[in-house]
Every structure is written in C-alpha cells, then in structure tokens.
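For reference, work-v1.txt is printed below; it contains compact mmCIF, C-alpha atoms and all ligand atoms.
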# COMPACT_ATOMS: atom_id res chain seq x y z
CA MET A 1 4.53 -46.20 -46.71
CA ALA A 2 6.36 -49.17 -48.22
CA VAL A 3 3.90 -51.76 -46.89
CA PRO A 4 1.91 -53.20 -49.83
CA PRO A 5 -1.57 -51.62 -49.82
CA ASN A 6 -3.65 -54.50 -51.18
CA PRO A 7 -3.63 -58.30 -51.14
CA SER A 8 -3.21 -58.71 -54.89
CA HIS A 9 0.13 -56.95 -54.70
CA ASN A 10 1.14 -59.48 -52.05
CA ASP A 11 1.11 -62.26 -54.66
CA ARG A 12 4.36 -60.92 -56.07
CA LEU A 13 6.18 -60.55 -52.76
CA PRO A 14 8.36 -63.05 -50.87
CA ILE A 15 6.62 -64.89 -48.03
CA LYS A 16 8.56 -63.03 -45.33
CA THR A 17 7.46 -59.68 -46.78
CA VAL A 18 3.81 -60.71 -46.90
CA ALA A 19 3.98 -61.92 -43.31
CA ALA A 20 5.67 -58.73 -42.11
CA ALA A 21 3.13 -56.54 -43.88
CA ALA A 22 0.18 -58.56 -42.59
CA TRP A 23 1.48 -58.46 -39.03
CA PHE A 24 1.93 -54.71 -39.26
CA ARG A 25 -1.62 -54.13 -40.56
CA GLN A 26 -3.08 -56.43 -37.95
CA THR A 27 -1.31 -54.94 -34.95
CA SER A 28 -1.43 -51.29 -36.04
CA GLY A 29 -5.19 -50.94 -36.09
CA ASN A 30 -6.17 -47.29 -36.10
CA PHE A 31 -3.20 -46.37 -33.99
CA GLN A 32 -0.66 -45.71 -36.70
CA SER A 33 -2.85 -43.60 -38.94
CA ALA A 34 -5.24 -41.69 -36.67
CA ARG A 35 -3.26 -41.30 -33.45
CA THR A 36 0.10 -40.71 -35.08
CA GLU A 37 -1.29 -38.09 -37.46
CA SER A 38 -3.00 -36.23 -34.62
CA MET A 39 0.38 -35.91 -32.90
CA LYS A 40 1.48 -33.44 -35.56
CA SER A 41 -0.51 -30.83 -33.61
CA VAL A 42 1.78 -31.04 -30.54
CA PRO A 43 3.29 -27.51 -30.40
CA LYS A 44 7.00 -27.26 -31.17
CA GLN A 45 7.83 -25.79 -27.76
CA GLN A 46 6.26 -28.84 -26.07
CA LEU A 47 8.20 -31.31 -28.20
CA PRO A 48 11.27 -31.69 -25.90
CA ASP A 49 9.05 -32.64 -22.94
CA PHE A 50 7.01 -34.94 -25.18
CA LEU A 51 10.23 -36.71 -26.25
CA ARG A 52 11.53 -37.01 -22.69
CA GLY A 53 8.29 -38.52 -21.41
CA LEU A 54 7.73 -40.85 -24.37
CA PRO A 55 7.78 -44.53 -23.31
CA LYS A 56 10.45 -46.23 -25.39
CA ALA A 57 12.64 -49.30 -25.86
CA GLU A 58 16.40 -49.10 -26.19
CA LEU A 59 17.76 -51.84 -28.46
CA HIS A 60 21.31 -50.68 -29.21
CA ILE A 61 23.36 -49.99 -26.12
CA HIS A 62 26.78 -51.55 -25.46
CA ILE A 63 26.77 -51.85 -21.71
CA GLU A 64 30.54 -51.32 -21.60
CA GLY A 65 29.88 -48.06 -23.44
CA SER A 66 27.77 -46.81 -20.54
CA LEU A 67 30.80 -46.70 -18.21
CA GLU A 68 31.07 -43.05 -17.24
CA PRO A 69 34.60 -41.72 -16.52
CA GLU A 70 33.66 -41.28 -12.84
CA LEU A 71 32.74 -44.97 -12.57
CA ILE A 72 35.87 -45.99 -14.51
CA PHE A 73 37.98 -44.16 -11.92
CA ALA A 74 35.99 -45.54 -8.97
CA LEU A 75 36.33 -49.12 -10.24
CA ALA A 76 40.03 -48.60 -11.03
CA GLN A 77 40.58 -47.55 -7.43
CA ARG A 78 38.47 -50.39 -6.03
CA ASN A 79 40.35 -52.97 -8.12
CA GLY A 80 43.85 -51.48 -7.99
CA VAL A 81 43.97 -50.92 -11.75
CA THR A 82 46.28 -48.15 -12.99
CA LEU A 83 44.81 -45.97 -15.73
CA PRO A 84 46.89 -44.05 -18.29
CA TYR A 85 44.97 -40.84 -17.33
CA ASP A 86 45.47 -38.65 -14.25
CA SER A 87 41.88 -37.58 -13.75
CA VAL A 88 38.27 -37.92 -14.86
CA GLU A 89 38.70 -34.68 -16.81
CA ALA A 90 41.81 -35.96 -18.61
CA LEU A 91 39.98 -39.14 -19.59
CA ARG A 92 36.93 -37.22 -20.82
CA ALA A 93 39.21 -34.93 -22.80
CA ALA A 94 40.47 -37.98 -24.71
CA TYR A 95 36.97 -38.60 -26.09
CA ALA A 96 37.65 -36.91 -29.43
CA PHE A 97 37.23 -39.51 -32.14
CA SER A 98 37.99 -39.50 -35.85
CA ASP A 99 36.39 -42.85 -36.73
CA LEU A 100 35.13 -46.11 -35.20
CA GLN A 101 38.60 -47.54 -34.53
CA SER A 102 39.81 -44.43 -32.69
CA PHE A 103 36.83 -44.87 -30.35
CA LEU A 104 37.22 -48.63 -29.91
CA ASP A 105 40.83 -48.23 -28.71
CA ILE A 106 39.66 -46.06 -25.79
CA TYR A 107 36.49 -48.09 -25.18
CA TYR A 108 38.44 -51.34 -24.70
CA ALA A 109 40.92 -49.55 -22.40
CA GLY A 110 38.02 -48.23 -20.27
CA ALA A 111 36.62 -51.75 -19.87
CA SER A 112 39.91 -52.92 -18.31
CA VAL A 113 38.67 -51.82 -14.84
CA LEU A 114 35.94 -54.50 -14.88
CA LEU A 115 37.15 -57.54 -12.97
CA HIS A 116 34.52 -58.85 -10.57
CA GLU A 117 30.84 -59.74 -10.77
CA ALA A 118 30.02 -56.67 -8.66
CA ASP A 119 31.73 -54.43 -11.24
CA PHE A 120 29.49 -55.72 -14.03
CA PHE A 121 26.45 -55.37 -11.79
CA ASP A 122 27.35 -51.78 -10.81
CA MET A 123 27.93 -50.78 -14.43
CA ALA A 124 24.59 -52.17 -15.62
CA TRP A 125 22.68 -50.83 -12.62
CA ALA A 126 24.01 -47.33 -13.27
CA TYR A 127 22.74 -47.65 -16.85
CA PHE A 128 19.29 -48.81 -15.75
CA LEU A 129 18.92 -45.81 -13.44
CA ARG A 130 19.73 -43.50 -16.35
CA ALA A 131 17.42 -45.43 -18.64
CA GLN A 132 14.54 -45.09 -16.20
CA ALA A 133 15.08 -41.32 -16.08
CA ASP A 134 14.67 -41.33 -19.88
CA ASN A 135 11.45 -43.39 -19.72
CA VAL A 136 12.98 -46.51 -21.23
CA ILE A 137 10.59 -49.34 -20.34
CA HIS A 138 12.38 -52.10 -22.28
CA ALA A 139 16.11 -52.52 -22.90
CA GLU A 140 18.19 -55.06 -24.80
CA LEU A 141 21.83 -54.69 -23.77
CA PHE A 142 24.86 -55.75 -25.79
CA PHE A 143 27.82 -57.14 -23.91
CA ASP A 144 31.29 -58.05 -25.23
CA PRO A 145 32.50 -61.14 -23.31
CA GLN A 146 35.71 -61.43 -25.33
CA THR A 147 36.86 -58.02 -24.05
CA HIS A 148 36.84 -59.54 -20.57
CA THR A 149 37.74 -63.21 -21.07
CA ALA A 150 40.88 -62.06 -22.95
CA ARG A 151 41.97 -60.40 -19.66
CA GLY A 152 41.32 -63.55 -17.61
CA VAL A 153 37.83 -62.62 -16.37
CA ALA A 154 35.55 -65.68 -16.47
CA PHE A 155 32.49 -65.65 -18.74
CA ASP A 156 30.36 -66.56 -15.70
CA THR A 157 31.56 -63.46 -13.81
CA VAL A 158 30.48 -61.20 -16.66
CA ILE A 159 27.07 -62.68 -17.34
CA ASN A 160 26.10 -63.27 -13.72
CA GLY A 161 26.80 -59.64 -12.76
CA LEU A 162 24.86 -58.32 -15.74
CA ARG A 163 21.96 -60.71 -15.23
CA ARG A 164 21.60 -59.71 -11.58
CA ALA A 165 21.30 -56.06 -12.63
CA CYS A 166 18.66 -56.98 -15.23
CA GLU A 167 16.62 -58.81 -12.61
CA LYS A 168 16.84 -55.89 -10.19
CA ALA A 169 15.85 -53.45 -12.96
CA GLU A 170 12.79 -55.54 -13.69
CA ALA A 171 11.81 -55.87 -10.02
CA GLU A 172 12.56 -52.35 -8.82
CA LEU A 173 12.39 -50.09 -11.88
CA GLY A 174 9.83 -51.89 -14.01
CA ILE A 175 12.28 -52.06 -16.92
CA HIS A 176 12.06 -55.31 -18.87
CA ALA A 177 15.66 -56.19 -19.82
CA GLY A 178 17.51 -58.75 -21.96
CA LEU A 179 21.15 -59.37 -22.86
CA ILE A 180 22.67 -59.89 -26.33
CA LEU A 181 26.13 -61.45 -26.56
CA CYS A 182 28.26 -59.72 -29.19
CA PHE A 183 31.16 -61.37 -30.98
CA LEU A 184 34.09 -59.06 -31.71
CA ARG A 185 34.43 -59.14 -35.48
CA HIS A 186 38.14 -58.18 -35.49
CA LEU A 187 38.84 -61.52 -33.76
CA SER A 188 38.78 -64.91 -35.49
CA GLU A 189 35.95 -67.31 -36.20
CA ALA A 190 37.67 -69.83 -33.88
CA GLU A 191 37.61 -67.32 -31.01
CA ALA A 192 33.91 -66.65 -31.62
CA PHE A 193 33.22 -70.41 -31.51
CA GLU A 194 35.13 -70.61 -28.24
CA THR A 195 32.99 -67.82 -26.79
CA LEU A 196 29.79 -69.52 -27.92
CA ALA A 197 30.99 -72.69 -26.17
CA GLN A 198 31.60 -70.73 -22.94
CA ALA A 199 28.10 -69.26 -23.25
CA ARG A 200 26.30 -72.59 -23.71
CA PRO A 201 25.83 -73.35 -19.99
CA HIS A 202 24.17 -69.91 -19.66
CA LEU A 203 21.64 -70.12 -22.50
CA GLY A 204 18.71 -69.00 -20.35
CA LYS A 205 20.50 -65.81 -19.34
CA PHE A 206 20.76 -64.06 -22.73
CA ILE A 207 18.36 -63.73 -25.63
CA GLY A 208 20.55 -63.45 -28.68
CA VAL A 209 23.86 -62.83 -30.40
CA GLY A 210 25.24 -59.84 -32.26
CA LEU A 211 28.38 -58.72 -34.07
CA ASP A 212 30.31 -55.57 -33.21
CA SER A 213 33.76 -53.91 -33.19
CA SER A 214 35.82 -52.89 -36.27
CA GLU A 215 33.53 -53.23 -39.27
CA ARG A 216 35.67 -52.48 -42.32
CA GLY A 217 37.56 -55.54 -43.53
CA HIS A 218 35.48 -57.87 -41.34
CA PRO A 219 32.38 -58.78 -43.36
CA PRO A 220 29.53 -60.76 -41.78
CA GLU A 221 30.44 -63.84 -43.87
CA LYS A 222 33.44 -64.39 -41.59
CA PHE A 223 30.99 -65.54 -38.89
CA ALA A 224 28.46 -67.46 -41.01
CA ARG A 225 29.06 -70.80 -39.24
CA VAL A 226 29.08 -69.32 -35.72
CA PHE A 227 25.76 -67.59 -36.32
CA ALA A 228 24.27 -70.77 -37.81
CA ASP A 229 25.15 -72.58 -34.58
CA ALA A 230 23.72 -69.73 -32.48
CA ARG A 231 20.45 -69.87 -34.43
CA ALA A 232 20.30 -73.64 -33.95
CA LEU A 233 20.50 -72.98 -30.19
CA GLY A 234 17.34 -70.87 -30.48
CA LEU A 235 19.10 -67.52 -30.09
CA ARG A 236 17.87 -64.33 -31.75
CA VAL A 237 20.27 -62.72 -34.23
CA VAL A 238 21.33 -59.13 -34.87
CA ALA A 239 24.47 -57.62 -36.42
CA HIS A 240 26.17 -54.27 -36.78
CA ALA A 241 26.29 -53.50 -40.49
CA GLY A 242 26.42 -50.38 -42.62
CA GLU A 243 27.80 -48.15 -39.86
CA GLU A 244 31.07 -47.38 -41.65
CA GLY A 245 30.93 -50.44 -43.89
CA PRO A 246 29.19 -50.64 -47.27
CA PRO A 247 25.54 -51.64 -47.96
CA GLU A 248 26.86 -55.05 -49.09
CA TYR A 249 27.56 -55.84 -45.44
CA ILE A 250 23.87 -55.23 -44.69
CA TRP A 251 22.86 -57.64 -47.46
CA SER A 252 25.16 -60.33 -46.09
CA ALA A 253 24.11 -59.71 -42.48
CA LEU A 254 20.56 -60.47 -43.69
CA ASP A 255 21.25 -63.28 -46.13
CA VAL A 256 24.22 -65.03 -44.53
CA LEU A 257 23.80 -64.39 -40.81
CA LYS A 258 19.96 -64.17 -41.04
CA ALA A 259 20.01 -61.04 -38.87
CA GLU A 260 16.55 -60.03 -37.64
CA ARG A 261 17.63 -56.42 -36.97
CA ILE A 262 20.46 -54.36 -38.36
CA ASP A 263 22.47 -52.28 -35.90
CA HIS A 264 23.18 -48.85 -37.43
CA GLY A 265 22.42 -49.63 -41.11
CA VAL A 266 22.64 -45.93 -41.97
CA GLN A 267 24.57 -46.64 -45.20
CA ALA A 268 21.44 -48.30 -46.63
CA VAL A 269 20.46 -44.93 -48.14
CA ASN A 270 23.14 -45.54 -50.77
CA ASP A 271 21.37 -48.66 -52.10
CA PRO A 272 17.77 -48.19 -53.36
CA MET A 273 17.13 -51.95 -53.72
CA LEU A 274 18.22 -52.51 -50.14
CA MET A 275 15.98 -49.67 -48.96
CA GLN A 276 13.02 -51.35 -50.67
CA ARG A 277 13.81 -54.67 -49.07
CA LEU A 278 14.28 -53.28 -45.55
CA ALA A 279 10.96 -51.44 -45.79
CA ALA A 280 9.00 -54.32 -47.32
CA GLU A 281 10.29 -56.92 -44.84
CA ARG A 282 10.04 -54.47 -41.94
CA ILE A 283 13.61 -55.19 -40.86
CA PRO A 284 14.38 -52.76 -38.06
CA LEU A 285 17.43 -50.50 -38.00
CA THR A 286 18.77 -49.55 -34.57
CA VAL A 287 20.14 -46.12 -35.43
CA CYS A 288 22.44 -44.19 -33.04
CA PRO A 289 22.58 -40.58 -34.22
CA LEU A 290 24.99 -39.07 -31.66
CA SER A 291 27.37 -42.00 -32.17
CA ASN A 292 27.33 -41.44 -35.94
CA VAL A 293 28.24 -37.78 -35.55
CA LYS A 294 30.92 -38.41 -32.90
CA LEU A 295 32.53 -41.12 -35.06
CA CYS A 296 32.36 -38.89 -38.16
CA VAL A 297 29.99 -41.15 -40.10
CA PHE A 298 28.10 -37.88 -40.72
CA LYS A 299 29.79 -34.51 -40.45
CA ASP A 300 26.85 -32.89 -38.73
CA MET A 301 23.53 -34.06 -37.29
CA LYS A 302 21.84 -32.09 -40.07
CA ASP A 303 23.47 -34.48 -42.58
CA HIS A 304 22.20 -37.62 -40.84
CA SER A 305 20.25 -40.09 -43.00
CA LEU A 306 17.68 -40.91 -40.29
CA ARG A 307 14.93 -38.80 -41.81
CA GLN A 308 15.44 -40.31 -45.27
CA LEU A 309 15.21 -43.79 -43.75
CA LEU A 310 12.08 -42.88 -41.82
CA ASP A 311 10.41 -41.17 -44.80
CA ALA A 312 11.06 -44.30 -46.89
CA GLY A 313 8.99 -46.33 -44.42
CA LEU A 314 11.83 -48.23 -42.74
CA VAL A 315 11.41 -49.46 -39.16
CA VAL A 316 13.88 -46.98 -37.70
CA THR A 317 14.63 -46.75 -33.98
CA ILE A 318 16.75 -44.25 -32.01
CA ASN A 319 19.35 -45.53 -29.53
CA SER A 320 22.44 -44.37 -27.64
CA ASP A 321 25.13 -46.97 -28.62
CA ASP A 322 27.85 -45.93 -26.11
CA PRO A 323 26.25 -43.06 -24.18
CA ALA A 324 29.19 -42.36 -21.84
CA TYR A 325 31.42 -41.70 -24.86
CA PHE A 326 29.11 -40.04 -27.36
CA GLY A 327 27.53 -37.17 -25.45
CA GLY A 328 24.28 -38.53 -24.16
CA TYR A 329 21.72 -41.19 -23.38
CA ILE A 330 18.68 -42.04 -25.44
CA ASN A 331 16.70 -38.87 -24.74
CA GLN A 332 19.65 -36.70 -25.72
CA ASN A 333 19.73 -38.64 -29.01
CA PHE A 334 16.03 -37.93 -29.55
CA LEU A 335 16.37 -34.23 -28.66
CA GLU A 336 19.37 -33.50 -30.90
CA THR A 337 18.06 -35.53 -33.82
CA PHE A 338 14.62 -33.91 -33.72
CA ALA A 339 16.10 -30.42 -33.53
CA ALA A 340 18.49 -30.99 -36.44
CA LEU A 341 16.11 -32.83 -38.77
CA ASP A 342 12.94 -30.85 -37.99
CA LEU A 343 10.97 -33.89 -36.87
CA ASP A 344 7.64 -33.61 -35.02
CA ALA A 345 5.71 -35.61 -32.41
CA SER A 346 4.21 -37.91 -35.05
CA HIS A 347 7.75 -39.05 -35.91
CA ALA A 348 8.41 -39.57 -32.20
CA VAL A 349 5.42 -41.87 -31.86
CA THR A 350 6.47 -43.82 -34.94
CA LEU A 351 10.02 -44.21 -33.55
CA ALA A 352 8.76 -45.36 -30.15
CA ARG A 353 6.31 -47.75 -31.75
CA ASN A 354 9.08 -49.09 -33.98
CA SER A 355 11.25 -49.72 -30.92
CA PHE A 356 8.56 -51.94 -29.39
CA GLU A 357 7.84 -53.68 -32.70
CA ALA A 358 11.56 -54.40 -33.11
CA SER A 359 12.03 -55.73 -29.57
CA PHE A 360 12.50 -59.45 -28.91
CA VAL A 361 9.39 -59.99 -26.80
CA ASP A 362 6.30 -62.05 -27.52
CA GLU A 363 3.22 -60.63 -29.22
CA ALA A 364 1.28 -60.21 -25.96
CA GLN A 365 4.07 -58.10 -24.46
CA LYS A 366 4.31 -56.05 -27.66
CA ARG A 367 0.62 -55.27 -27.42
CA ARG A 368 1.08 -54.13 -23.81
CA TYR A 369 3.87 -51.81 -24.94
CA PHE A 370 1.68 -50.42 -27.75
CA ASP A 371 -1.10 -49.84 -25.21
CA THR A 372 1.33 -47.96 -22.94
CA LEU A 373 2.33 -45.78 -25.87
CA ASP A 374 -1.30 -45.25 -26.86
CA ALA A 375 -2.16 -44.15 -23.32
CA TYR A 376 0.75 -41.67 -23.37
CA CYS A 377 -0.58 -40.15 -26.59
CA ALA A 378 -4.21 -39.99 -25.49
N1 LIG B 401 30.25 -50.08 -33.54
C1 LIG B 401 30.89 -51.23 -33.50
N2 LIG B 401 31.30 -51.79 -32.38
C2 LIG B 401 31.04 -51.18 -31.23
C3 LIG B 401 30.37 -49.97 -31.20
C4 LIG B 401 29.95 -49.40 -32.41
O1 LIG B 401 29.34 -48.31 -32.49
N3 LIG B 401 30.28 -49.63 -29.91
C5 LIG B 401 30.86 -50.59 -29.18
N4 LIG B 401 31.32 -51.54 -29.99
ZN ZN B 402 26.91 -50.35 -31.54
In structure tokens, what does this structure look like?
Ligand code: HPA
Ligand code: ZN
Amino acid sequence: MAVPPNPSHNDRLPIKTVAAAAWFRQTSGNFQSARTESMKSVPKQQLPDFLRGLPKAELHIHIEGSLEPELIFALAQRNGVTLPYDSVEALRAAYAFSDLQSFLDIYYAGASVLLHEADFFDMAWAYFLRAQADNVIHAELFFDPQTHTARGVAFDTVINGLRRACEKAEAELGIHAGLILCFLRHLSEAEAFETLAQARPHLGKFIGVGLDSSERGHPPEKFARVFADARALGLRVVAHAGEEGPPEYIWSALDVLKAERIDHGVQAVNDPMLMQRLAAERIPLTVCPLSNVKLCVFKDMKDHSLRQLLDAGLVVTINSDDPAYFGGYINQNFLETFAALDLDASHAVTLARNSFEASFVDEAQKRRYFDTLDAYCA
C-alpha cells in the first residue's frame, strides 16, 4: 500500500498527496481492509460469476469504438454510405491490428456511417444495453467530435444524439452516464481550439475533455493551451498517455495538462519515480487489457503490467476502450485478465472500488456506489 501510514510521514509529502491519502483513509473505513480481504475466500470456480455480477463503473470507452460491424452495415444502408467491405464478416476479418495506428485507420472508416442525430443515439443506446448486461452502473463515454465535424456533421448533431441516449440510460436502465469530449492529438492545436469553441454552447452536456488518437510524436504539451482553457471553463481533464508512448508523456499529461486520470498509463511500470507518484497521489489509470493485447502493446495477456500496477498500490481500473474492435466488453476484459494474471475476488473488489473512486461524481454519489459494492460483497 503506497498510502502513507502515519501523519508524521505526511509532513514530507506534497499537499495533493496528503489530501488524496486522507480522503482515501476517510472514505475507505473498514471496507478496504476487512471486506476486501475476506473476498479472497471466494472459490476460484465462482470467480467468473462474481466478476460478471460485480457492480462497476466504465471510465474508458470510446463510443465510436462500440460500433459493432452489424450496426455499421445497418447505418451504412440507412444513410446510403458505401463501405469498402462486402459483408459484416469481411469487415470483422479486417480487425487484425499490428499497432494503434493500424486500428485507428479502420476505426475512423467505421465512424463514416454516422451522419444524423439518430445514428449517434442508436450507437450509444446499443452500448448502454451491453453495459447494463455487464452490471455497469456508471459510465463516462469518450466521443471524438472532430471525426464527424471533418465530414460535415454538425457538433450539435453529435452531442445531442449522445446526450439523449445518456438520459434514456439513466431513466430506463439506471446507468448514470457522462460524456467526455476528446481532442484528436494527430490534428493541430488550432483545430482543437476550434472544436472547443463549437462545444462552448453545450457546456452543460459534457463533463470533461480528453486526448486520444495517435500517441507517438504527439506529446501532451502540444495541447497545453487548449487544456488550460478547458479547465478554466470548469471541465474535468483526462488524457491518453503511456499506451504506446513513453512514461514522459504521463508526466506531461499530469504536469502540463493537469490530467486527473490517465487513460491507459501501462508504460508507467518502466519509471519507478512515476509509479511512486501515481500511487501517492492516487491518480487513477483507466487500463484496457484486451485493447493492449490486440494493439500489440503486450504480446500476451500474461505479459500485461496490470498486476504490477495493482500490487504497487495504484488506482487501477479495467475498461473496454473500443469493445467492438478488441474482442469484448468490460466483463470480457475482467474475465480474460483475471484468468491470465491469476487474480482473485479481492482484486475484483479493489478494481470496482477504484472505478467508483476515479469517477467524476460528487462525494455523496461515490458513497452510494461504495455502498452498492459493499452490499454486493456482503
Ligand atoms: N488510443 C488512442 N486513441 C483511441 C483509442 C486508443 O486506444 N481508441 C480510440 N481512439
Ligand atoms: Zn482509449
């Protein structure tokens, strides 16, 4: 446990670290130690069902990455868009990736079928139905407006369709949902500023900003001024960093962009100082194990750094990233990761608890989520 054990040690830590540690002690109560430890006794054969039923938050899902090939074809037909694939099977067969860029090329092509507000609604609603089946009770969805505005689709069309699905999910499925606007980092700072300007009339409809797309060669610093403006507007801040890129990108996401969570962050294991900082400040990592294997960040799930990150006391969460492309939704990520890394039910409870701690909700809502988790474990 990287949280400082006594107050005297706190004297030597930065204010943010002391605050994070104090908050953790205050809100954890007996839950973390007693309840989590007792979960170790859940028999191995019951673990898959325990993982499926676990209440959880999903914090790293690109909604355009939830477009299943069947829906891509249905929307293409509805909108008269011609696809460079003959069938659903042919499209699915193209999902063999060698790195992040090889995936992004297909991912942006898939999004070309989205034209009308109803298309964005249908896409997000399909995700929420899948999320409910996996016992996701809170979801923060990334969306990539520039992928759509570049094709002449209005920003309003995108956000209004997504927002309507979020409201329906809340009303009918009991899933609390928020949207995070991602800037495409392979595009320019000027284009990101333009997108932020388009988003300004819609400030009440999304909770924060993020940074995604091609990581290598596009360090967080490129967007320092855009993120400063977003923060001044009261938006929460996250950033993809340390997926394929070096640990230095995680440092600058924290120090330059002031990111509150790091998306992926799996390269942090290569930097002991960074590991210490992430643990001490309780900066969450939204890890996406199936994505990392599919994009060859790790050769095999057995090589994944998730367990090292978790054992070092980092606030790790498990997420699906682009579930339609990477072989499964959040529960599939839990199941395959737990099988490969020999994790038990106590790890599952820690991961679920981390997901609620890392979510952008107020303290009262966090406590309600912790209570839901506690009741599940009782
Ligand atoms: N990384 C970066 N950008 C992305 C991803 C990802 O995994 N998915 C969709 N956009
Ligand atoms: Zn991602």
*Near Tyr108 of chain A, within 12 Å and counting all atoms listed in the file, which residues show up once chain neighbours fewer than 3 positions away are dropped, as a ChimeraX atom specification?*
/A:62,64-65,67,72,101-105,111-114,144-148,150-151,184,213-214,322,325
Go through chain A residue by residue and, counting only C-alpha atoms and all ligand atoms, keep those with an atom at most 10 Å from ligand LIG 401 (chain B); for each kept residue give the shortest atom pair and its distance in Å to one decimal, ordered by chain and increasing number, as a Markdown table.
| residue | atom | partner | partner_atom | distance |
| --- | --- | --- | --- | --- |
| A:His60 | CA | B:LIG401 | O1 | 9.0 |
| A:Ile61 | CA | B:LIG401 | N3 | 7.9 |
| A:His62 | CA | B:LIG401 | C5 | 5.6 |
| A:Ile63 | CA | B:LIG401 | C5 | 8.6 |
| A:Glu64 | CA | B:LIG401 | C5 | 7.6 |
| A:Gly65 | CA | B:LIG401 | C5 | 6.3 |
| A:Ser66 | CA | B:LIG401 | C5 | 9.9 |
| A:Asp99 | CA | B:LIG401 | O1 | 9.9 |
| A:Leu100 | CA | B:LIG401 | N1 | 6.5 |
| A:Gln101 | CA | B:LIG401 | C1 | 8.6 |
| A:Phe103 | CA | B:LIG401 | N3 | 8.1 |
| A:Leu104 | CA | B:LIG401 | N4 | 6.6 |
| A:Tyr107 | CA | B:LIG401 | C5 | 7.3 |
| A:Tyr108 | CA | B:LIG401 | C5 | 8.8 |
| A:Phe142 | CA | B:LIG401 | C5 | 8.6 |
| A:Phe143 | CA | B:LIG401 | C5 | 8.9 |
| A:Asp144 | CA | B:LIG401 | N4 | 8.1 |
| A:Cys182 | CA | B:LIG401 | N4 | 8.8 |
| A:Phe183 | CA | B:LIG401 | N2 | 9.7 |
| A:Leu184 | CA | B:LIG401 | N2 | 7.8 |
| A:Arg185 | CA | B:LIG401 | N2 | 8.6 |
| A:His186 | CA | B:LIG401 | N2 | 9.9 |
| A:Leu211 | CA | B:LIG401 | N2 | 7.7 |
| A:Asp212 | CA | B:LIG401 | N2 | 4.0 |
| A:Ser213 | CA | B:LIG401 | N2 | 3.3 |
| A:Ser214 | CA | B:LIG401 | C1 | 5.9 |
| A:Glu215 | CA | B:LIG401 | C1 | 6.7 |
| A:Ala239 | CA | B:LIG401 | C1 | 9.5 |
| A:His240 | CA | B:LIG401 | C1 | 6.5 |
| A:Ala241 | CA | B:LIG401 | C1 | 8.7 |
| A:Gly242 | CA | B:LIG401 | N1 | 9.9 |
| A:Glu243 | CA | B:LIG401 | N1 | 7.0 |
| A:Glu244 | CA | B:LIG401 | N1 | 8.6 |
| A:Asp263 | CA | B:LIG401 | N1 | 8.4 |
| A:His264 | CA | B:LIG401 | O1 | 7.9 |
| A:Val287 | CA | B:LIG401 | O1 | 9.9 |
| A:Cys288 | CA | B:LIG401 | O1 | 8.1 |
| A:Ser291 | CA | B:LIG401 | O1 | 6.6 |
| A:Asn292 | CA | B:LIG401 | O1 | 7.9 |
| A:Leu295 | CA | B:LIG401 | O1 | 8.3 |
| A:Ser320 | CA | B:LIG401 | O1 | 9.3 |
| A:Asp321 | CA | B:LIG401 | O1 | 5.9 |
| A:Asp322 | CA | B:LIG401 | N3 | 5.8 |
| A:Pro323 | CA | B:LIG401 | N3 | 9.6 |
| A:Tyr325 | CA | B:LIG401 | N3 | 9.5 |
| A:Phe326 | CA | B:LIG401 | O1 | 9.7 |
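Minimum atom-to-atom distances from A:His218, A:Arg163, A:Arg368, A:His138 to Gly204 of chain A were compared using all atoms listed in the file, and the lowest value belongs to A:Arg163.
The gap separating atom CA of Asp229 of chain A from atom CA of Ser355 of chain A is 27.0 Å, in Å to one decimal.
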*Find the residues near segment 300-317 of chain A: any atom within 10 Å, counting all atoms listed in the file, skip ones fewer than 4 places away on the same chain, and give them as a ChimeraX atom specification.*
/A:1-3,56-60,261-270,275-290,292-294,296,334,336-343,347-348,350-358
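You can rank A:Gln365, A:Asn333, A:Ser87, A:Asn319 by their closest distance to ligand ZN 402 (chain B) using all atoms listed in the file, and at the top of that list sits A:Asn319.
Here atom CA of Ser346 of chain A is placed at a distance of 14.1 Å from atom CA of Asp49 of chain A.
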*Show which residues sit within 12 Å of Leu75 of chain A, as an MDAnalysis selection string. Count all atoms listed in the file, and ignore same-chain residues fewer than 4 positions away.*
chainID A and resid 67:71 79:83 110:123
